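The file entry_34.cif comes next; it holds mmCIF, C-alpha atoms.
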```
data_target
loop_
_atom_site.group_PDB
_atom_site.id
_atom_site.type_symbol
_atom_site.label_atom_id
_atom_site.label_comp_id
_atom_site.auth_asym_id
_atom_site.auth_seq_id
_atom_site.Cartn_x
_atom_site.Cartn_y
_atom_site.Cartn_z
ATOM 1 C CA MET A 1 14.346 48.042 26.887
ATOM 2 C CA THR A 2 11.177 46.644 28.459
ATOM 3 C CA ALA A 3 11.453 42.903 28.931
ATOM 4 C CA VAL A 4 8.845 40.817 27.125
ATOM 5 C CA PRO A 5 7.039 38.496 29.571
ATOM 6 C CA ASP A 6 8.501 35.004 29.450
ATOM 7 C CA VAL A 7 5.831 32.514 28.371
ATOM 8 C CA ASP A 8 8.139 29.573 27.677
ATOM 9 C CA GLY A 9 6.636 26.119 28.097
ATOM 10 C CA ALA A 10 6.744 24.388 31.445
ATOM 11 C CA LYS A 11 9.252 21.848 30.205
ATOM 12 C CA ARG A 12 11.769 24.557 29.318
ATOM 13 C CA ARG A 13 14.029 26.365 31.714
ATOM 14 C CA ASN A 14 12.669 29.814 32.577
ATOM 15 C CA GLY A 15 15.692 31.188 34.357
ATOM 16 C CA SER A 16 14.277 30.654 37.848
ATOM 17 C CA SER A 17 17.481 28.935 38.963
ATOM 18 C CA LEU A 18 19.636 31.932 37.994
ATOM 19 C CA ASP A 19 20.693 34.745 40.284
ATOM 20 C CA SER A 20 19.103 38.158 39.826
ATOM 21 C CA THR A 21 21.857 39.488 37.544
ATOM 22 C CA ALA A 22 21.687 36.500 35.229
ATOM 23 C CA ARG A 23 17.874 36.615 35.199
ATOM 24 C CA MET A 24 17.947 40.263 34.160
ATOM 25 C CA LEU A 25 20.445 39.466 31.406
ATOM 26 C CA ARG A 26 18.226 36.622 30.226
ATOM 27 C CA ALA A 27 15.143 38.850 30.100
ATOM 28 C CA LYS A 28 16.956 41.564 28.134
ATOM 29 C CA TRP A 29 18.426 39.001 25.739
ATOM 30 C CA ARG A 30 15.039 37.432 25.138
ATOM 31 C CA SER A 31 13.401 40.802 24.493
ATOM 32 C CA ALA A 32 16.150 41.809 22.064
ATOM 33 C CA SER A 33 15.963 38.487 20.235
ATOM 34 C CA LEU A 34 12.183 38.650 19.880
ATOM 35 C CA ALA A 35 12.388 42.253 18.678
ATOM 36 C CA ALA A 36 14.967 41.171 16.091
ATOM 37 C CA GLY A 37 12.564 38.639 14.613
ATOM 38 C CA TRP A 38 12.624 35.428 16.654
ATOM 39 C CA ARG A 39 9.503 33.787 15.272
ATOM 40 C CA PHE A 40 8.131 31.658 18.112
ATOM 41 C CA PRO A 41 8.582 33.137 21.604
ATOM 42 C CA SER A 42 7.665 29.864 23.304
ATOM 43 C CA ASP A 43 10.621 28.135 21.603
ATOM 44 C CA TRP A 44 13.262 30.623 22.680
ATOM 45 C CA GLY A 45 13.952 29.368 26.183
ATOM 46 C CA LEU A 46 16.371 26.437 26.409
ATOM 47 C CA PRO A 47 18.520 25.097 29.260
ATOM 48 C CA GLU A 48 21.559 26.225 27.269
ATOM 49 C CA VAL A 49 20.282 29.820 27.426
ATOM 50 C CA ASP A 50 20.516 29.693 31.212
ATOM 51 C CA THR A 51 23.978 28.147 30.962
ATOM 52 C CA VAL A 52 25.176 31.026 28.788
ATOM 53 C CA CYS A 53 23.650 33.639 31.100
ATOM 54 C CA ALA A 54 25.206 32.038 34.168
ATOM 55 C CA ALA A 55 28.595 31.849 32.451
ATOM 56 C CA LEU A 56 28.436 35.495 31.346
ATOM 57 C CA THR A 57 27.661 36.788 34.815
ATOM 58 C CA ALA A 58 30.424 34.585 36.222
ATOM 59 C CA GLY A 59 33.093 36.056 33.977
ATOM 60 C CA GLY A 60 32.287 35.126 30.390
ATOM 61 C CA PRO A 61 31.282 31.977 28.482
ATOM 62 C CA ASN A 62 33.875 29.656 26.998
ATOM 63 C CA GLU A 63 33.605 28.135 23.546
ATOM 64 C CA ALA A 64 31.994 24.964 24.879
ATOM 65 C CA VAL A 65 29.095 26.961 26.337
ATOM 66 C CA VAL A 66 28.524 28.912 23.118
ATOM 67 C CA SER A 67 28.867 25.738 21.074
ATOM 68 C CA GLY A 68 26.275 24.058 23.278
ATOM 69 C CA LEU A 69 23.828 26.856 22.535
ATOM 70 C CA GLY A 70 24.402 26.519 18.791
ATOM 71 C CA ARG A 71 23.825 22.785 18.920
ATOM 72 C CA ALA A 72 20.693 23.197 21.023
ATOM 73 C CA ARG A 73 19.269 25.782 18.632
ATOM 74 C CA ALA A 74 19.776 23.440 15.681
ATOM 75 C CA ALA A 75 18.277 20.494 17.555
ATOM 76 C CA SER A 76 15.185 22.552 18.406
ATOM 77 C CA GLY A 77 14.650 23.455 14.742
ATOM 78 C CA ALA A 78 15.933 27.035 14.656
ATOM 79 C CA GLY A 79 17.521 28.083 11.374
ATOM 80 C CA LEU A 80 21.097 29.309 11.124
ATOM 81 C CA ASP A 81 20.084 32.898 10.392
ATOM 82 C CA GLU A 82 17.744 32.919 13.379
ATOM 83 C CA THR A 83 20.413 31.356 15.593
ATOM 84 C CA LEU A 84 23.057 33.911 14.634
ATOM 85 C CA THR A 85 20.621 36.810 15.007
ATOM 86 C CA ASP A 86 19.847 35.534 18.498
ATOM 87 C CA LEU A 87 23.587 35.461 19.221
ATOM 88 C CA ALA A 88 23.896 39.019 17.909
ATOM 89 C CA ALA A 89 21.059 40.055 20.223
ATOM 90 C CA LEU A 90 22.969 38.623 23.182
ATOM 91 C CA HIS A 91 26.147 40.415 22.161
ATOM 92 C CA ALA A 92 24.283 43.697 21.710
ATOM 93 C CA VAL A 93 22.719 43.405 25.159
ATOM 94 C CA VAL A 94 26.074 42.678 26.785
ATOM 95 C CA ALA A 95 27.978 45.343 24.832
ATOM 96 C CA ASP A 96 25.399 48.134 24.576
ATOM 97 C CA GLY A 97 22.614 47.203 26.958
ATOM 98 C CA ASP A 98 23.242 50.134 29.295
ATOM 99 C CA ARG A 99 23.221 52.715 26.501
ATOM 100 C CA HIS A 100 20.290 54.306 24.693
ATOM 101 C CA GLY A 101 17.885 53.532 27.511
ATOM 102 C CA GLY A 102 18.450 49.801 27.155
ATOM 103 C CA PHE A 103 17.363 49.695 23.496
ATOM 104 C CA VAL A 104 19.735 47.637 21.351
ATOM 105 C CA VAL A 105 19.944 46.765 17.674
ATOM 106 C CA PRO A 106 21.462 43.322 17.049
ATOM 107 C CA ASP A 107 24.136 43.399 14.347
ATOM 108 C CA ILE A 108 25.700 40.117 13.321
ATOM 109 C CA ASP A 109 28.609 41.981 11.702
ATOM 110 C CA ALA A 110 29.443 43.565 15.057
ATOM 111 C CA THR A 111 29.443 40.216 16.854
ATOM 112 C CA PRO A 112 32.933 38.794 17.471
ATOM 113 C CA SER A 113 33.813 36.473 14.615
ATOM 114 C CA ARG A 114 35.049 33.791 17.000
ATOM 115 C CA LEU A 115 31.612 33.516 18.620
ATOM 116 C CA VAL A 116 29.910 33.461 15.226
ATOM 117 C CA ARG A 117 32.251 30.750 13.961
ATOM 118 C CA VAL A 118 31.841 28.531 17.027
ATOM 119 C CA THR A 119 28.052 28.884 16.991
ATOM 120 C CA ALA A 120 27.726 28.324 13.247
ATOM 121 C CA LEU A 121 29.948 25.231 13.276
ATOM 122 C CA ALA A 122 28.032 23.724 16.183
ATOM 123 C CA TRP A 123 24.697 24.456 14.497
ATOM 124 C CA ALA A 124 25.913 22.951 11.212
ATOM 125 C CA ASP A 125 27.200 19.826 12.952
ATOM 126 C CA VAL A 126 23.730 19.013 14.279
ATOM 127 C CA ALA A 127 21.881 20.150 11.156
ATOM 128 C CA LEU A 128 24.019 18.035 8.830
ATOM 129 C CA ASP A 129 23.701 15.018 11.098
ATOM 130 C CA ARG A 130 19.916 15.350 11.005
ATOM 131 C CA TYR A 131 20.008 15.733 7.236
ATOM 132 C CA ALA A 132 22.114 12.587 6.881
ATOM 133 C CA HIS A 133 19.515 10.607 8.811
ATOM 134 C CA THR A 134 16.476 12.061 7.061
ATOM 135 C CA GLU A 135 13.986 9.414 6.038
ATOM 136 C CA VAL A 136 13.528 8.916 2.301
ATOM 137 C CA THR A 137 10.004 7.594 2.670
ATOM 138 C CA GLU A 138 6.760 9.243 1.659
ATOM 139 C CA PRO A 139 4.761 9.714 4.898
ATOM 140 C CA LEU A 140 1.312 8.607 3.687
ATOM 141 C CA THR A 141 2.207 5.286 2.080
ATOM 142 C CA GLY A 142 5.479 4.549 3.835
ATOM 143 C CA LEU A 143 7.039 3.822 0.440
ATOM 144 C CA PRO A 144 10.338 5.353 -0.676
ATOM 145 C CA SER A 145 10.071 8.731 -2.365
ATOM 146 C CA ALA A 146 10.456 9.549 -6.049
ATOM 147 C CA SER A 147 13.853 11.028 -5.198
ATOM 148 C CA TYR A 148 15.029 7.670 -3.897
ATOM 149 C CA LEU A 149 13.694 5.930 -7.003
ATOM 150 C CA ARG A 150 15.764 8.286 -9.153
ATOM 151 C CA THR A 151 18.834 7.356 -7.116
ATOM 152 C CA ARG A 152 18.177 3.670 -7.685
ATOM 153 C CA LEU A 153 17.541 4.337 -11.355
ATOM 154 C CA ALA A 154 20.966 5.954 -11.668
ATOM 155 C CA GLU A 155 22.530 2.826 -10.176
ATOM 156 C CA VAL A 156 20.709 0.660 -12.718
ATOM 157 C CA TYR A 157 22.026 2.755 -15.606
ATOM 158 C CA ARG A 158 25.583 2.695 -14.250
ATOM 159 C CA GLY A 159 25.457 -1.051 -13.697
ATOM 160 C CA ALA A 160 24.138 -1.691 -17.193
ATOM 161 C CA ALA A 161 26.812 0.524 -18.746
ATOM 162 C CA ARG A 162 29.565 -1.306 -16.883
ATOM 163 C CA ALA A 163 28.222 -4.631 -18.150
ATOM 164 C CA GLY A 164 28.079 -3.345 -21.717
ATOM 165 C CA ARG A 165 24.290 -3.448 -21.772
ATOM 166 C CA THR A 166 21.475 -0.907 -21.700
ATOM 167 C CA ALA A 167 19.181 -0.296 -18.755
ATOM 168 C CA THR A 168 16.181 -1.038 -20.950
ATOM 169 C CA ASP A 169 17.482 -4.597 -21.378
ATOM 170 C CA ASP A 170 17.612 -5.259 -17.657
ATOM 171 C CA ALA A 171 14.818 -3.309 -15.954
ATOM 172 C CA LEU A 172 11.408 -1.764 -16.396
ATOM 173 C CA LEU A 173 8.842 0.200 -14.450
ATOM 174 C CA LEU A 174 5.495 -1.069 -13.273
ATOM 175 C CA THR A 175 3.087 1.722 -12.351
ATOM 176 C CA VAL A 176 -0.132 1.698 -10.342
ATOM 177 C CA SER A 177 -2.327 4.743 -10.894
ATOM 178 C CA PHE A 178 -5.756 5.623 -9.544
ATOM 179 C CA ASP A 179 -8.334 7.997 -10.966
ATOM 180 C CA LEU A 180 -9.158 9.789 -7.734
ATOM 181 C CA ALA A 181 -10.571 12.988 -9.203
ATOM 182 C CA GLY A 182 -13.655 14.047 -7.314
ATOM 183 C CA MET A 183 -13.135 11.518 -4.534
ATOM 184 C CA ALA A 184 -13.479 12.537 -0.894
ATOM 185 C CA SER A 185 -10.304 12.809 1.139
ATOM 186 C CA TRP A 186 -10.680 9.572 3.124
ATOM 187 C CA PRO A 187 -11.227 7.232 0.131
ATOM 188 C CA ARG A 188 -8.276 8.873 -1.638
ATOM 189 C CA LEU A 189 -5.971 8.298 1.309
ATOM 190 C CA ALA A 190 -7.239 4.802 2.041
ATOM 191 C CA ALA A 191 -6.878 3.671 -1.567
ATOM 192 C CA MET A 192 -3.240 4.766 -1.708
ATOM 193 C CA ILE A 193 -2.414 3.223 1.670
ATOM 194 C CA LEU A 194 -3.975 -0.125 0.734
ATOM 195 C CA ALA A 195 -2.313 -0.147 -2.684
ATOM 196 C CA ALA A 196 1.066 0.570 -1.105
ATOM 197 C CA ASP A 197 0.563 -2.291 1.332
ATOM 198 C CA ALA A 198 -0.280 -4.629 -1.552
ATOM 199 C CA LEU A 199 2.776 -3.421 -3.461
ATOM 200 C CA ARG A 200 5.062 -4.274 -0.552
ATOM 201 C CA SER A 201 3.403 -7.669 -0.194
ATOM 202 C CA VAL A 202 3.898 -8.695 -3.822
ATOM 203 C CA PHE A 203 7.264 -7.058 -4.478
ATOM 204 C CA ASP A 204 9.094 -8.190 -1.372
ATOM 205 C CA GLY A 205 12.437 -8.884 -3.021
ATOM 206 C CA PRO A 206 15.162 -6.674 -4.495
ATOM 207 C CA GLU A 207 12.706 -4.508 -6.447
ATOM 208 C CA THR A 208 12.462 -0.805 -5.601
ATOM 209 C CA THR A 209 8.976 0.457 -4.783
ATOM 210 C CA ALA A 210 8.140 4.160 -4.593
ATOM 211 C CA ALA A 211 5.372 6.739 -4.415
ATOM 212 C CA LEU A 212 5.620 8.952 -7.494
ATOM 213 C CA GLY A 213 2.676 11.245 -6.890
ATOM 214 C CA PRO A 214 -0.648 11.726 -5.079
ATOM 215 C CA SER A 215 -2.245 8.868 -7.009
ATOM 216 C CA VAL A 216 0.674 6.974 -8.561
ATOM 217 C CA LEU A 217 2.910 4.216 -7.201
ATOM 218 C CA ALA A 218 5.735 2.518 -9.054
ATOM 219 C CA VAL A 219 8.110 -0.430 -8.972
ATOM 220 C CA LEU A 220 11.538 -0.571 -10.567
ATOM 221 C CA ALA A 221 11.840 -4.274 -11.325
ATOM 222 C CA VAL A 222 14.059 -6.704 -13.172
ATOM 223 C CA ARG A 223 12.787 -7.566 -16.621
ATOM 224 C CA ASP A 224 12.098 -11.298 -16.335
ATOM 225 C CA ALA A 225 9.362 -13.892 -16.788
ATOM 226 C CA ASP A 226 7.979 -13.385 -13.277
ATOM 227 C CA ILE A 227 7.002 -9.751 -13.691
ATOM 228 C CA ALA A 228 3.742 -10.497 -15.530
ATOM 229 C CA ALA A 229 2.626 -12.936 -12.836
ATOM 230 C CA GLN A 230 3.525 -10.397 -10.161
ATOM 231 C CA ALA A 231 1.392 -7.772 -11.898
ATOM 232 C CA VAL A 232 -1.588 -10.145 -11.845
ATOM 233 C CA ALA A 233 -0.986 -10.914 -8.175
ATOM 234 C CA LEU A 234 -0.740 -7.200 -7.409
ATOM 235 C CA ARG A 235 -4.115 -6.467 -9.000
ATOM 236 C CA ARG A 236 -5.668 -9.288 -7.005
ATOM 237 C CA GLU A 237 -4.144 -8.064 -3.731
ATOM 238 C CA ILE A 238 -5.306 -4.483 -4.294
ATOM 239 C CA THR A 239 -8.820 -5.600 -5.257
ATOM 240 C CA GLU A 240 -9.176 -7.793 -2.175
ATOM 241 C CA ARG A 241 -8.055 -5.023 0.141
ATOM 242 C CA MET A 242 -10.359 -2.436 -1.399
ATOM 243 C CA HIS A 243 -13.402 -4.726 -1.401
ATOM 244 C CA ALA A 244 -12.937 -5.243 2.331
ATOM 245 C CA ASP A 245 -13.685 -1.539 2.937
ATOM 246 C CA PRO A 246 -17.259 -0.457 2.019
ATOM 247 C CA GLN A 247 -16.158 3.178 1.886
ATOM 248 C CA LEU A 248 -14.035 2.370 -1.162
ATOM 249 C CA ASP A 249 -16.880 0.972 -3.264
ATOM 250 C CA ASP A 250 -16.842 4.055 -5.496
ATOM 251 C CA VAL A 251 -13.091 3.929 -6.117
ATOM 252 C CA SER A 252 -12.356 2.421 -9.506
ATOM 253 C CA SER A 253 -9.712 -0.261 -9.913
ATOM 254 C CA PRO A 254 -6.247 1.134 -10.547
ATOM 255 C CA ALA A 255 -4.516 1.053 -13.899
ATOM 256 C CA ILE A 256 -1.465 -1.216 -13.722
ATOM 257 C CA SER A 257 0.973 -0.672 -16.563
ATOM 258 C CA PHE A 258 4.424 -1.706 -17.695
ATOM 259 C CA VAL A 259 6.556 1.253 -18.715
ATOM 260 C CA ARG A 260 9.740 0.852 -20.717
ATOM 261 C CA LEU A 261 12.733 2.846 -19.534
ATOM 262 C CA HIS A 262 14.203 5.407 -21.909
ATOM 263 C CA PRO A 263 17.692 5.128 -23.407
ATOM 264 C CA THR A 264 19.246 7.665 -21.017
ATOM 265 C CA TYR A 265 18.943 8.281 -17.299
ATOM 266 C CA GLU A 266 17.898 11.896 -17.840
ATOM 267 C CA GLU A 267 15.077 10.865 -20.164
ATOM 268 C CA SER A 268 13.828 8.292 -17.667
ATOM 269 C CA CYS A 269 13.848 10.896 -14.875
ATOM 270 C CA ALA A 270 11.695 13.139 -17.058
ATOM 271 C CA LEU A 271 9.424 10.142 -17.606
ATOM 272 C CA LEU A 272 9.052 9.672 -13.844
ATOM 273 C CA ARG A 273 8.037 13.306 -13.451
ATOM 274 C CA ARG A 274 5.371 12.970 -16.131
ATOM 275 C CA ILE A 275 3.994 9.787 -14.594
ATOM 276 C CA GLY A 276 3.907 11.379 -11.144
ATOM 277 C CA ARG A 277 1.697 14.204 -12.409
ATOM 278 C CA ARG A 278 -1.076 11.877 -13.557
#
```
As structure tokens:
Amino acid sequence: MTAVPDVDGAKRRNGSSLDSTARMLRAKWRSASLAAGWRFPSDWGLPEVDTVCAALTAGGPNEAVVSGLGRARAASGAGLDETLTDLAALHAVVADGDRHGGFVVPDIDATPSRLVRVTALAWADVALDRYAHTEVTEPLTGLPSASYLRTRLAEVYRGAARAGRTATDDALLLTVSFDLAGMASWPRLAAMILAADALRSVFDGPETTAALGPSVLAVLAVRDADIAAQAVALRREITERMHADPQLDDVSSPAISFVRLHPTYEESCALLRRIGRR
């Protein structure tokens, strides 16, 4: 097999510290992995690749070395299928690299199950840890996502049921929606960012704020006497912020509405989806 030129980034290890045998193994492994479908050649090279190559030429890698590669692949954003195919490419090079003129066909089913298990578990450990720490905020506004609002809504329904009440007795939704049809991209973005900032300023207590859609924000709030005054304050805060930016002169004032929750959690989730599509 003809080795594909290594164009890994300068910050990645390129195998220069390896001896000639390990460098040749690395080049063959890389070529086999790319031929098997590795999507981004510049992302293939990692320090752990060199560690594996050095260990193989020194007598064989232990589980810690293989595990380190799996963890590094996950941390760099490689998927599990891509990671295991890369492992299969390495195994094919080591097992069959001298046959068929150096051409190998990676086969995950032919890869020793112990290596697959160790790599997959290490990859999953990192991937699940990253998932557990995933932000639940919408990137434009910085507000929690609709998914998080649904989680909070479920808690409200459970709490009301435990108290022998209904969620509609205790909470309601306040929505802020803009008519941004036909607006240029900057005014659309700016209007939502400013409205989200105003929302956080007014509802700075236990209420749950969220971005429901491209032009809709919402608050899950306690049904009490203060909510009407907060709605008035919110409109004032949004208006002041928008008037301070001449580029938003053509953006109409948002519609601020009170929305009653439905009798069941499932019905209220469907309501959120409809509101988010406005």
Name the residues that the PyMOL selection byres ((chain A and resi 135-144) around 12) pulls out of this structure, and write them as an MDAnalysis selection string.
chainID A and resid 130:134 145:152 188:200 203 207:220
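The shell of residues at most 6 Å from region 239-256 of chain A, with only C-alpha atoms counted and near chain neighbours (fewer than 6 positions) removed, consists of A:Thr175, A:Val176, A:Ser177, A:Phe178, A:Pro187.
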Applying the PyMOL selection byres ((chain A and resi 115) around 12) to the file I just gave you, which residues come out? Please list them as a VMD selection string.
chain A and resid 60 to 70 83 to 84 86 to 88 90 to 91 108 to 114 116 to 122
Residues within 9 Å of His262 (chain A), all atoms listed in the file, excluding chain neighbours under 3 positions, as a PyMOL selection string
chain A and resi 167-168+265-269+271
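Among the candidates A:Asp170, A:Ala95, A:Ala231, A:Ser201, the one nearest to Arg158 (chain A) when counting all atoms listed in the file is A:Asp170.
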CA of Ala160 (chain A) sits from CA of Ala221 (chain A) at a separation of 13.9 Å
With all atoms of region 253-272 of chain A from the file as input, state the centre and edge lengths in Å to one decimal of the axis-aligned box that has 5 Å extra on each side, as lines of an AutoDock Vina configuration file.
```
center_x = 4.8
center_y = 5.7
center_z = -16.7
size_x = 39.0
size_y = 24.8
size_z = 23.5
```
Region 101-157 of chain A near region 31-45 of chain A within 8 Å: what's each residue's closest atom pair and its distance in Å to one decimal, counting all atoms listed in the file, ordered by chain then ascending residue number, as CSV?
```
residue,atom,partner,partner_atom,distance
A:Val104,CA,A:Ala32,CA,6.9
A:Val105,CA,A:Ala32,CA,7.6
A:Pro106,CA,A:Ala36,CA,6.9
```
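The gap separating CA of Leu180 (chain A) from CA of Arg260 (chain A) is 24.6 Å, in Å to one decimal.
CA of Ala154 (chain A) is positioned 14.8 Å from CA of Asp169 (chain A).
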